[in-house]
>>> print(open('start17.cif').read())   # mmCIF, C-alpha atoms
data_target
#
loop_
_atom_site.group_PDB
_atom_site.id
_atom_site.type_symbol
_atom_site.label_atom_id
_atom_site.label_comp_id
_atom_site.auth_asym_id
_atom_site.auth_seq_id
_atom_site.Cartn_x
_atom_site.Cartn_y
_atom_site.Cartn_z
ATOM 1 C CA MET J 196 -12.159 -8.614 -9.292
ATOM 2 C CA LEU J 197 -12.152 -9.022 -13.057
ATOM 3 C CA ILE J 198 -8.940 -7.803 -14.640
ATOM 4 C CA GLU J 199 -9.032 -7.066 -18.359
ATOM 5 C CA TYR J 200 -5.901 -7.079 -20.521
ATOM 6 C CA LYS J 201 -5.643 -5.049 -23.670
ATOM 7 C CA GLU J 202 -3.068 -4.405 -26.341
ATOM 8 C CA ILE J 203 -2.547 -0.691 -26.949
ATOM 9 C CA THR J 204 -0.587 1.412 -29.415
ATOM 10 C CA SER J 205 2.353 3.668 -28.647
ATOM 11 C CA ASP J 206 0.191 6.791 -28.828
ATOM 12 C CA ARG J 207 -1.162 5.794 -25.385
ATOM 13 C CA LEU J 208 2.240 5.699 -23.665
ATOM 14 C CA VAL J 209 1.546 8.877 -21.710
ATOM 15 C CA GLU J 210 -1.473 7.112 -20.207
ATOM 16 C CA TYR J 211 0.610 3.948 -19.643
ATOM 17 C CA SER J 212 3.310 5.957 -17.877
ATOM 18 C CA LYS J 213 0.792 6.963 -15.208
ATOM 19 C CA ILE J 214 0.769 3.368 -13.947
ATOM 20 C CA GLU J 215 2.886 3.511 -10.801
ATOM 21 C CA SER J 216 6.232 1.712 -11.127
ATOM 22 C CA LYS J 217 7.910 1.409 -7.774
ATOM 23 C CA TYR J 218 8.902 -1.116 -5.158
ATOM 24 C CA ARG J 219 10.104 -1.113 -1.585
ATOM 25 C CA VAL J 220 13.725 -2.163 -1.089
ATOM 26 C CA THR J 221 14.573 -3.957 2.145
ATOM 27 C CA LYS J 222 17.012 -6.544 0.772
ATOM 28 C CA LYS J 223 19.354 -6.829 -2.157
ATOM 29 C CA TYR J 224 21.575 -9.401 -3.759
ATOM 30 C CA GLU J 225 25.177 -8.531 -2.978
ATOM 31 C CA ILE J 226 27.680 -9.696 -5.581
ATOM 32 C CA LYS J 227 30.710 -11.409 -4.066
ATOM 33 C CA LYS J 228 33.627 -12.204 -6.339
ATOM 34 C CA ILE J 229 35.687 -15.282 -5.562
ATOM 35 C CA ASN J 230 39.356 -14.756 -6.470
ATOM 36 C CA ASN J 231 38.509 -11.438 -8.177
ATOM 37 C CA GLY J 232 35.842 -13.175 -10.227
ATOM 38 C CA LEU J 233 38.031 -15.964 -11.621
ATOM 39 C CA GLY J 234 36.611 -18.364 -9.053
ATOM 40 C CA GLY J 235 33.040 -17.338 -9.832
ATOM 41 C CA LEU J 236 30.448 -15.098 -8.268
ATOM 42 C CA LEU J 237 28.140 -15.531 -5.314
ATOM 43 C CA LEU J 238 24.893 -13.656 -4.863
ATOM 44 C CA ASP J 239 24.067 -13.229 -1.186
ATOM 45 C CA LEU J 240 20.704 -11.821 -0.157
ATOM 46 C CA ILE J 241 21.377 -9.178 2.498
ATOM 47 C CA ASP J 242 19.296 -6.666 4.445
ATOM 48 C CA VAL J 243 19.610 -2.991 3.522
ATOM 49 C CA GLU J 244 18.230 0.217 4.957
ATOM 50 C CA GLU J 245 14.718 0.527 3.573
ATOM 51 C CA TYR J 246 13.937 2.877 0.714
ATOM 52 C CA THR J 247 11.515 3.054 -2.201
ATOM 53 C CA ARG J 248 12.739 2.641 -5.759
ATOM 54 C CA ASP J 249 10.526 4.668 -8.090
ATOM 55 C CA PHE J 250 10.972 4.438 -11.851
ATOM 56 C CA GLY J 251 8.554 7.293 -12.419
ATOM 57 C CA ASP J 252 7.076 7.800 -15.838
ATOM 58 C CA GLY J 253 10.203 6.845 -17.789
ATOM 59 C CA VAL J 254 8.219 5.287 -20.628
ATOM 60 C CA GLY J 255 6.089 8.301 -21.490
ATOM 61 C CA ARG J 256 8.599 9.679 -23.982
ATOM 62 C CA LEU J 257 9.921 6.474 -25.546
ATOM 63 C CA SER J 258 8.624 7.591 -28.931
ATOM 64 C CA ASP J 259 10.954 10.614 -28.737
ATOM 65 C CA LYS J 260 13.936 8.237 -28.596
ATOM 66 C CA PHE J 261 12.986 5.172 -30.614
ATOM 67 C CA ASP J 262 10.944 3.935 -33.538
ATOM 68 C CA LEU J 263 8.292 1.916 -31.685
ATOM 69 C CA SER J 264 6.657 0.361 -34.737
ATOM 70 C CA ASN J 265 7.935 -3.135 -33.822
ATOM 71 C CA TRP J 266 7.121 -2.901 -30.112
ATOM 72 C CA LYS J 267 4.115 -4.334 -28.238
ATOM 73 C CA PHE J 268 2.259 -2.627 -25.406
ATOM 74 C CA TYR J 269 -0.205 -4.218 -23.011
ATOM 75 C CA ILE J 270 -2.211 -2.772 -20.141
ATOM 76 C CA ALA J 271 -4.298 -4.298 -17.373
ATOM 77 C CA PHE J 272 -7.525 -2.701 -16.144
ATOM 78 C CA ASP J 273 -9.742 -3.205 -13.139
ATOM 79 C CA GLY J 274 -12.888 -1.552 -14.440
ATOM 80 C CA THR J 275 -11.596 1.786 -15.695
ATOM 81 C CA ARG J 276 -8.518 1.824 -13.436
ATOM 82 C CA LEU J 277 -5.117 1.076 -14.976
ATOM 83 C CA VAL J 278 -3.415 -1.431 -12.666
ATOM 84 C CA GLY J 279 -0.530 -2.814 -14.733
ATOM 85 C CA GLY J 280 1.236 -3.000 -18.039
ATOM 86 C CA CYS J 281 4.160 -4.356 -19.986
ATOM 87 C CA ILE J 282 6.197 -3.351 -23.004
ATOM 88 C CA VAL J 283 8.119 -5.628 -25.365
ATOM 89 C CA ALA J 284 10.833 -4.143 -27.589
ATOM 90 C CA THR J 285 11.875 -5.812 -30.835
ATOM 91 C CA LYS J 286 13.706 -5.087 -34.087
ATOM 92 C CA THR J 287 14.854 -1.547 -33.359
ATOM 93 C CA PRO J 288 18.403 -0.861 -34.605
ATOM 94 C CA ASN J 289 19.465 1.780 -32.058
ATOM 95 C CA VAL J 290 18.305 -0.106 -28.941
ATOM 96 C CA ASN J 291 21.410 -1.524 -27.260
ATOM 97 C CA MET J 292 19.407 -4.018 -25.178
ATOM 98 C CA LEU J 293 18.447 -5.765 -28.439
ATOM 99 C CA GLU J 294 22.137 -6.415 -29.222
ATOM 100 C CA GLY J 295 21.508 -5.904 -32.947
ATOM 101 C CA ARG J 296 19.675 -9.239 -33.026
ATOM 102 C CA GLU J 297 16.540 -9.826 -35.069
ATOM 103 C CA ASP J 298 15.646 -12.933 -33.027
ATOM 104 C CA LEU J 299 15.664 -11.249 -29.607
ATOM 105 C CA ALA J 300 12.748 -9.575 -27.833
ATOM 106 C CA VAL J 301 13.255 -7.496 -24.686
ATOM 107 C CA LEU J 302 10.788 -7.190 -21.846
ATOM 108 C CA TRP J 303 11.347 -3.435 -21.661
ATOM 109 C CA ASP J 304 8.967 -2.745 -18.821
ATOM 110 C CA ILE J 305 6.536 -4.600 -16.605
ATOM 111 C CA ARG J 306 4.628 -2.952 -13.770
ATOM 112 C CA VAL J 307 1.741 -3.585 -11.426
ATOM 113 C CA ILE J 308 0.535 -0.999 -8.923
ATOM 114 C CA GLU J 309 1.153 -1.804 -5.266
ATOM 115 C CA GLU J 310 -2.344 -2.753 -4.144
ATOM 116 C CA TYR J 311 -2.716 -5.190 -7.089
ATOM 117 C CA LYS J 312 0.562 -7.060 -6.665
ATOM 118 C CA TYR J 313 0.539 -10.785 -5.806
ATOM 119 C CA GLN J 314 -2.744 -11.397 -7.611
ATOM 120 C CA GLY J 315 -1.384 -12.939 -10.821
ATOM 121 C CA ILE J 316 -1.458 -9.758 -12.895
ATOM 122 C CA GLY J 317 2.321 -9.662 -13.372
ATOM 123 C CA GLN J 318 2.267 -13.327 -14.376
ATOM 124 C CA HIS J 319 -0.447 -12.686 -16.948
ATOM 125 C CA LEU J 320 1.431 -9.685 -18.378
ATOM 126 C CA PHE J 321 4.631 -11.726 -18.524
ATOM 127 C CA ASP J 322 2.766 -14.511 -20.335
ATOM 128 C CA LEU J 323 1.441 -11.969 -22.871
ATOM 129 C CA ALA J 324 5.015 -10.827 -23.543
ATOM 130 C CA LYS J 325 6.329 -14.387 -23.810
ATOM 131 C CA ASN J 326 3.468 -15.474 -26.084
ATOM 132 C CA PHE J 327 4.011 -12.463 -28.337
ATOM 133 C CA ALA J 328 7.694 -13.413 -28.628
ATOM 134 C CA LYS J 329 6.847 -17.039 -29.375
ATOM 135 C CA GLU J 330 4.115 -16.248 -31.919
ATOM 136 C CA ASN J 331 6.465 -13.906 -33.781
ATOM 137 C CA GLY J 332 9.410 -16.286 -34.031
ATOM 138 C CA PHE J 333 11.775 -14.735 -31.493
ATOM 139 C CA LYS J 334 14.309 -17.169 -30.021
ATOM 140 C CA GLN J 335 14.810 -15.434 -26.679
ATOM 141 C CA LEU J 336 13.194 -12.936 -24.346
ATOM 142 C CA LYS J 337 15.725 -10.738 -22.547
ATOM 143 C CA ILE J 338 14.785 -9.288 -19.184
ATOM 144 C CA GLU J 339 16.509 -6.679 -17.038
ATOM 145 C CA CYS J 340 16.098 -6.187 -13.328
ATOM 146 C CA GLN J 341 18.129 -4.883 -10.434
ATOM 147 C CA ASN J 342 19.811 -6.681 -7.548
ATOM 148 C CA THR J 343 17.654 -4.524 -5.254
ATOM 149 C CA ASN J 344 14.488 -6.275 -6.415
ATOM 150 C CA PRO J 345 14.689 -9.839 -5.037
ATOM 151 C CA ILE J 346 11.005 -10.414 -5.774
ATOM 152 C CA ALA J 347 11.633 -9.791 -9.484
ATOM 153 C CA VAL J 348 14.770 -11.954 -9.362
ATOM 154 C CA LYS J 349 12.775 -14.873 -7.949
ATOM 155 C CA PHE J 350 9.920 -14.258 -10.400
ATOM 156 C CA TYR J 351 12.143 -14.378 -13.503
ATOM 157 C CA HIS J 352 13.959 -17.438 -12.174
ATOM 158 C CA LYS J 353 10.586 -19.129 -11.641
ATOM 159 C CA GLN J 354 9.683 -18.371 -15.270
ATOM 160 C CA GLY J 355 12.681 -20.409 -16.414
ATOM 161 C CA ALA J 356 14.870 -17.442 -17.340
ATOM 162 C CA VAL J 357 18.617 -17.822 -16.831
ATOM 163 C CA LEU J 358 20.718 -15.121 -15.203
ATOM 164 C CA SER J 359 23.309 -14.582 -17.917
ATOM 165 C CA ALA J 360 24.955 -11.219 -17.262
ATOM 166 C CA ILE J 361 25.711 -9.016 -14.285
ATOM 167 C CA ASN J 362 26.741 -5.393 -14.821
ATOM 168 C CA GLU J 363 27.914 -3.713 -11.645
ATOM 169 C CA TYR J 364 28.401 -0.375 -13.421
ATOM 170 C CA ALA J 365 25.150 0.003 -15.385
ATOM 171 C CA TYR J 366 23.569 2.431 -12.923
ATOM 172 C CA SER J 367 26.298 4.831 -11.895
ATOM 173 C CA ASP J 368 23.879 7.187 -10.205
ATOM 174 C CA TYR J 369 21.640 5.003 -8.051
ATOM 175 C CA LYS J 370 22.498 3.444 -4.644
ATOM 176 C CA ASN J 371 25.017 0.899 -5.923
ATOM 177 C CA GLU J 372 22.418 -1.063 -7.852
ATOM 178 C CA VAL J 373 23.595 -3.868 -10.101
ATOM 179 C CA GLN J 374 21.985 -4.729 -13.430
ATOM 180 C CA LEU J 375 20.932 -8.363 -13.794
ATOM 181 C CA LEU J 376 20.163 -9.621 -17.300
ATOM 182 C CA TRP J 377 18.061 -12.713 -17.775
ATOM 183 C CA TYR J 378 17.412 -14.685 -20.950
ATOM 184 C CA LEU J 379 14.433 -16.930 -21.493
ATOM 185 C CA ASN J 380 14.670 -19.358 -24.405
ATOM 186 C CA ILE J 381 11.429 -19.365 -26.368
ATOM 187 C CA ASP J 382 10.304 -22.823 -27.475
#
>>> encode(input="start17.cif", output="structure tokens")
Amino acid sequence: MLIEYKEITSDRLVEYSKIESKYRVTKKYEIKKINNGLGGLLLDLIDVEEYTRDFGDGVGRLSDKFDLSNWKFYIAFDGTRLVGGCIVATKTPNVNMLEGREDLAVLWDIRVIEEYKYQGIGQHLFDLAKNFAKENGFKQLKIECQNTNPIAVKFYHKQGAVLSAINEYAYSDYKNEVQLLWYLNID
């Protein structure tokens, strides 16, 4: 298998959005507050009733919401088949995840289709995002994931990212998920 990686422009986001973005949930990190949070937090990995979390094609209409001129888009191909992709957001005033910072890049999306997971594609896409941030002078790469995705949690931790914020109320409409925000300092 020879995977090719390519930078694309935002006019191909409809094509990008066809790359499946889902994962099977069987465990999640439960947030336990010690002394109502004053004594710290514990994250316990617990079993949950299995379900599939599907993010659908949520990126297909990004250009309707944001100016994407400072964003980067990458896709991974196996022959002609799209098997993965990632999006990096930067320098866009109305994007809350960017915190109004000019020195922060956000890994907006990263996805690899099911049958291509665990083959290094996600790592390569992550490295493309990190290298873009480094080459363009960004100080940090911010990453969001959910407590229901322990594989992503372990992956970002392995990359050297630091779990820096937990928002229990970010996703009011989805199975008690908790938003986990990671920051990776760019050397």
>>> resolve_selection(input="start17.cif", expression="the PyMOL selection byres ((chain J and resi 277-289) around 9)", output="JSON, numbers by chain")
{"J": [198, 200, 210, 211, 213, 214, 215, 216, 261, 262, 263, 264, 265, 266, 267, 268, 269, 270, 271, 272, 273, 274, 275, 276, 290, 291, 292, 293, 294, 295, 296, 297, 298, 299, 300, 301, 302, 303, 304, 305, 306, 307, 308, 309, 310, 311, 316, 317, 320, 321, 323, 324, 327, 328, 333, 336]}
>>> residues_around(input="start17.cif", residues="segment 234-249 of chain J", least_positions_apart="2", cutoff="9 Å", atoms="only C-alpha atoms", output="ChimeraX atom specification")
/J:215-232,251,343,345
>>> closest_residue(input="start17.cif", among="J:Glu202, J:Ile381, J:Leu208, J:Ser258", to="Lys334 of chain J", atoms="only C-alpha atoms")
J:Ile381
>>> resolve_selection(input="start17.cif", expression="the PyMOL selection byres ((chain J and resi 372) around 10)", output="number ranges by chain")
J: 223-225, 340-344, 362-371, 373-375
>>> residues_near_point(input="start17.cif", point="(20.6, -10.4, -14.5)", cutoff="7 Å", atoms="only C-alpha atoms", output="list of chain:residue names")
J:Glu339, J:Cys340, J:Leu358, J:Ser359, J:Ala360, J:Ile361, J:Gln374, J:Leu375, J:Leu376, J:Trp377
>>> decode(input="start17.cif", residues="segment 226-263 of chain J", atoms="N, CA and C atoms", output="PDB file, in the first residue's frame")
ATOM      1  N   ILE J 226     -15.108  11.967  34.185  1.00  0.00           N
ATOM      2  CA  ILE J 226     -14.477  13.025  34.969  1.00  0.00           C
ATOM      3  C   ILE J 226     -14.998  12.940  36.394  1.00  0.00           C
ATOM      4  N   LYS J 227     -14.090  12.750  37.336  1.00  0.00           N
ATOM      5  CA  LYS J 227     -14.462  12.724  38.753  1.00  0.00           C
ATOM      6  C   LYS J 227     -13.828  13.925  39.440  1.00  0.00           C
ATOM      7  N   LYS J 228     -14.663  14.698  40.106  1.00  0.00           N
ATOM      8  CA  LYS J 228     -14.188  15.899  40.790  1.00  0.00           C
ATOM      9  C   LYS J 228     -13.939  15.583  42.264  1.00  0.00           C
ATOM     10  N   ILE J 229     -12.755  15.889  42.716  1.00  0.00           N
ATOM     11  CA  ILE J 229     -12.403  15.715  44.122  1.00  0.00           C
ATOM     12  C   ILE J 229     -12.741  17.021  44.831  1.00  0.00           C
ATOM     13  N   ASN J 230     -13.548  16.920  45.898  1.00  0.00           N
ATOM     14  CA  ASN J 230     -13.952  18.112  46.656  1.00  0.00           C
ATOM     15  C   ASN J 230     -14.521  19.183  45.717  1.00  0.00           C
ATOM     16  N   ASN J 231     -15.490  18.770  44.893  1.00  0.00           N
ATOM     17  CA  ASN J 231     -16.137  19.666  43.924  1.00  0.00           C
ATOM     18  C   ASN J 231     -15.140  20.357  42.988  1.00  0.00           C
ATOM     19  N   GLY J 232     -14.059  19.691  42.708  1.00  0.00           N
ATOM     20  CA  GLY J 232     -13.062  20.225  41.786  1.00  0.00           C
ATOM     21  C   GLY J 232     -11.906  20.937  42.455  1.00  0.00           C
ATOM     22  N   LEU J 233     -12.072  21.376  43.699  1.00  0.00           N
ATOM     23  CA  LEU J 233     -10.989  22.087  44.383  1.00  0.00           C
ATOM     24  C   LEU J 233      -9.807  21.172  44.693  1.00  0.00           C
ATOM     25  N   GLY J 234     -10.096  19.888  44.834  1.00  0.00           N
ATOM     26  CA  GLY J 234      -9.037  18.917  45.101  1.00  0.00           C
ATOM     27  C   GLY J 234      -8.486  18.286  43.832  1.00  0.00           C
ATOM     28  N   GLY J 235      -8.930  18.766  42.680  1.00  0.00           N
ATOM     29  CA  GLY J 235      -8.445  18.254  41.410  1.00  0.00           C
ATOM     30  C   GLY J 235      -9.480  17.401  40.699  1.00  0.00           C
ATOM     31  N   LEU J 236      -9.072  16.849  39.596  1.00  0.00           N
ATOM     32  CA  LEU J 236      -9.930  16.011  38.774  1.00  0.00           C
ATOM     33  C   LEU J 236      -9.234  14.684  38.521  1.00  0.00           C
ATOM     34  N   LEU J 237     -10.016  13.644  38.415  1.00  0.00           N
ATOM     35  CA  LEU J 237      -9.516  12.338  38.011  1.00  0.00           C
ATOM     36  C   LEU J 237     -10.244  11.936  36.741  1.00  0.00           C
ATOM     37  N   LEU J 238      -9.524  11.343  35.826  1.00  0.00           N
ATOM     38  CA  LEU J 238     -10.135  10.791  34.622  1.00  0.00           C
ATOM     39  C   LEU J 238     -10.026   9.284  34.731  1.00  0.00           C
ATOM     40  N   ASP J 239     -11.169   8.632  34.875  1.00  0.00           N
ATOM     41  CA  ASP J 239     -11.220   7.172  34.957  1.00  0.00           C
ATOM     42  C   ASP J 239     -11.770   6.621  33.657  1.00  0.00           C
ATOM     43  N   LEU J 240     -11.073   5.658  33.082  1.00  0.00           N
ATOM     44  CA  LEU J 240     -11.539   5.004  31.867  1.00  0.00           C
ATOM     45  C   LEU J 240     -12.552   3.933  32.255  1.00  0.00           C
ATOM     46  N   ILE J 241     -13.791   4.101  31.781  1.00  0.00           N
ATOM     47  CA  ILE J 241     -14.864   3.170  32.140  1.00  0.00           C
ATOM     48  C   ILE J 241     -15.506   2.590  30.884  1.00  0.00           C
ATOM     49  N   ASP J 242     -16.128   1.431  31.031  1.00  0.00           N
ATOM     50  CA  ASP J 242     -16.881   0.822  29.938  1.00  0.00           C
ATOM     51  C   ASP J 242     -18.221   1.520  29.799  1.00  0.00           C
ATOM     52  N   VAL J 243     -18.695   1.629  28.554  1.00  0.00           N
ATOM     53  CA  VAL J 243     -20.017   2.186  28.277  1.00  0.00           C
ATOM     54  C   VAL J 243     -20.718   1.285  27.268  1.00  0.00           C
ATOM     55  N   GLU J 244     -22.018   1.419  27.193  1.00  0.00           N
ATOM     56  CA  GLU J 244     -22.769   0.668  26.185  1.00  0.00           C
ATOM     57  C   GLU J 244     -22.314   1.129  24.803  1.00  0.00           C
ATOM     58  N   GLU J 245     -22.003   0.192  23.957  1.00  0.00           N
ATOM     59  CA  GLU J 245     -21.395   0.498  22.660  1.00  0.00           C
ATOM     60  C   GLU J 245     -22.331   1.300  21.755  1.00  0.00           C
ATOM     61  N   TYR J 246     -21.736   2.260  21.078  1.00  0.00           N
ATOM     62  CA  TYR J 246     -22.425   3.014  20.031  1.00  0.00           C
ATOM     63  C   TYR J 246     -21.371   3.560  19.076  1.00  0.00           C
ATOM     64  N   THR J 247     -21.812   4.071  17.947  1.00  0.00           N
ATOM     65  CA  THR J 247     -20.909   4.664  16.969  1.00  0.00           C
ATOM     66  C   THR J 247     -21.103   6.168  16.972  1.00  0.00           C
ATOM     67  N   ARG J 248     -19.994   6.879  17.059  1.00  0.00           N
ATOM     68  CA  ARG J 248     -20.012   8.342  17.000  1.00  0.00           C
ATOM     69  C   ARG J 248     -19.648   8.722  15.569  1.00  0.00           C
ATOM     70  N   ASP J 249     -20.569   9.382  14.892  1.00  0.00           N
ATOM     71  CA  ASP J 249     -20.380   9.753  13.490  1.00  0.00           C
ATOM     72  C   ASP J 249     -20.442  11.267  13.368  1.00  0.00           C
ATOM     73  N   PHE J 250     -19.352  11.857  12.888  1.00  0.00           N
ATOM     74  CA  PHE J 250     -19.309  13.311  12.725  1.00  0.00           C
ATOM     75  C   PHE J 250     -19.845  13.749  11.371  1.00  0.00           C
ATOM     76  N   GLY J 251     -20.197  12.803  10.544  1.00  0.00           N
ATOM     77  CA  GLY J 251     -20.822  13.134   9.261  1.00  0.00           C
ATOM     78  C   GLY J 251     -19.933  13.986   8.389  1.00  0.00           C
ATOM     79  N   ASP J 252     -20.561  14.825   7.616  1.00  0.00           N
ATOM     80  CA  ASP J 252     -19.804  15.667   6.676  1.00  0.00           C
ATOM     81  C   ASP J 252     -19.731  17.108   7.167  1.00  0.00           C
ATOM     82  N   GLY J 253     -19.542  17.297   8.448  1.00  0.00           N
ATOM     83  CA  GLY J 253     -19.553  18.621   9.066  1.00  0.00           C
ATOM     84  C   GLY J 253     -18.596  19.643   8.493  1.00  0.00           C
ATOM     85  N   VAL J 254     -17.624  19.226   7.692  1.00  0.00           N
ATOM     86  CA  VAL J 254     -16.670  20.196   7.159  1.00  0.00           C
ATOM     87  C   VAL J 254     -17.035  20.690   5.765  1.00  0.00           C
ATOM     88  N   GLY J 255     -18.007  20.078   5.142  1.00  0.00           N
ATOM     89  CA  GLY J 255     -18.349  20.421   3.770  1.00  0.00           C
ATOM     90  C   GLY J 255     -18.763  21.858   3.552  1.00  0.00           C
ATOM     91  N   ARG J 256     -19.308  22.485   4.579  1.00  0.00           N
ATOM     92  CA  ARG J 256     -19.805  23.862   4.437  1.00  0.00           C
ATOM     93  C   ARG J 256     -19.028  24.866   5.299  1.00  0.00           C
ATOM     94  N   LEU J 257     -17.807  24.544   5.638  1.00  0.00           N
ATOM     95  CA  LEU J 257     -17.000  25.473   6.436  1.00  0.00           C
ATOM     96  C   LEU J 257     -16.876  26.844   5.776  1.00  0.00           C
ATOM     97  N   SER J 258     -16.777  26.839   4.452  1.00  0.00           N
ATOM     98  CA  SER J 258     -16.601  28.118   3.746  1.00  0.00           C
ATOM     99  C   SER J 258     -17.844  28.998   3.840  1.00  0.00           C
ATOM    100  N   ASP J 259     -18.989  28.429   4.203  1.00  0.00           N
ATOM    101  CA  ASP J 259     -20.192  29.236   4.424  1.00  0.00           C
ATOM    102  C   ASP J 259     -20.099  30.000   5.746  1.00  0.00           C
ATOM    103  N   LYS J 260     -19.288  29.501   6.672  1.00  0.00           N
ATOM    104  CA  LYS J 260     -19.191  30.084   8.009  1.00  0.00           C
ATOM    105  C   LYS J 260     -17.956  30.947   8.212  1.00  0.00           C
ATOM    106  N   PHE J 261     -16.843  30.553   7.585  1.00  0.00           N
ATOM    107  CA  PHE J 261     -15.564  31.181   7.899  1.00  0.00           C
ATOM    108  C   PHE J 261     -14.797  31.560   6.637  1.00  0.00           C
ATOM    109  N   ASP J 262     -13.908  32.521   6.803  1.00  0.00           N
ATOM    110  CA  ASP J 262     -12.923  32.844   5.775  1.00  0.00           C
ATOM    111  C   ASP J 262     -11.798  31.818   5.932  1.00  0.00           C
ATOM    112  N   LEU J 263     -11.624  30.959   4.965  1.00  0.00           N
ATOM    113  CA  LEU J 263     -10.670  29.851   5.060  1.00  0.00           C
ATOM    114  C   LEU J 263      -9.324  30.157   4.410  1.00  0.00           C
TER     115      LEU J 263
END
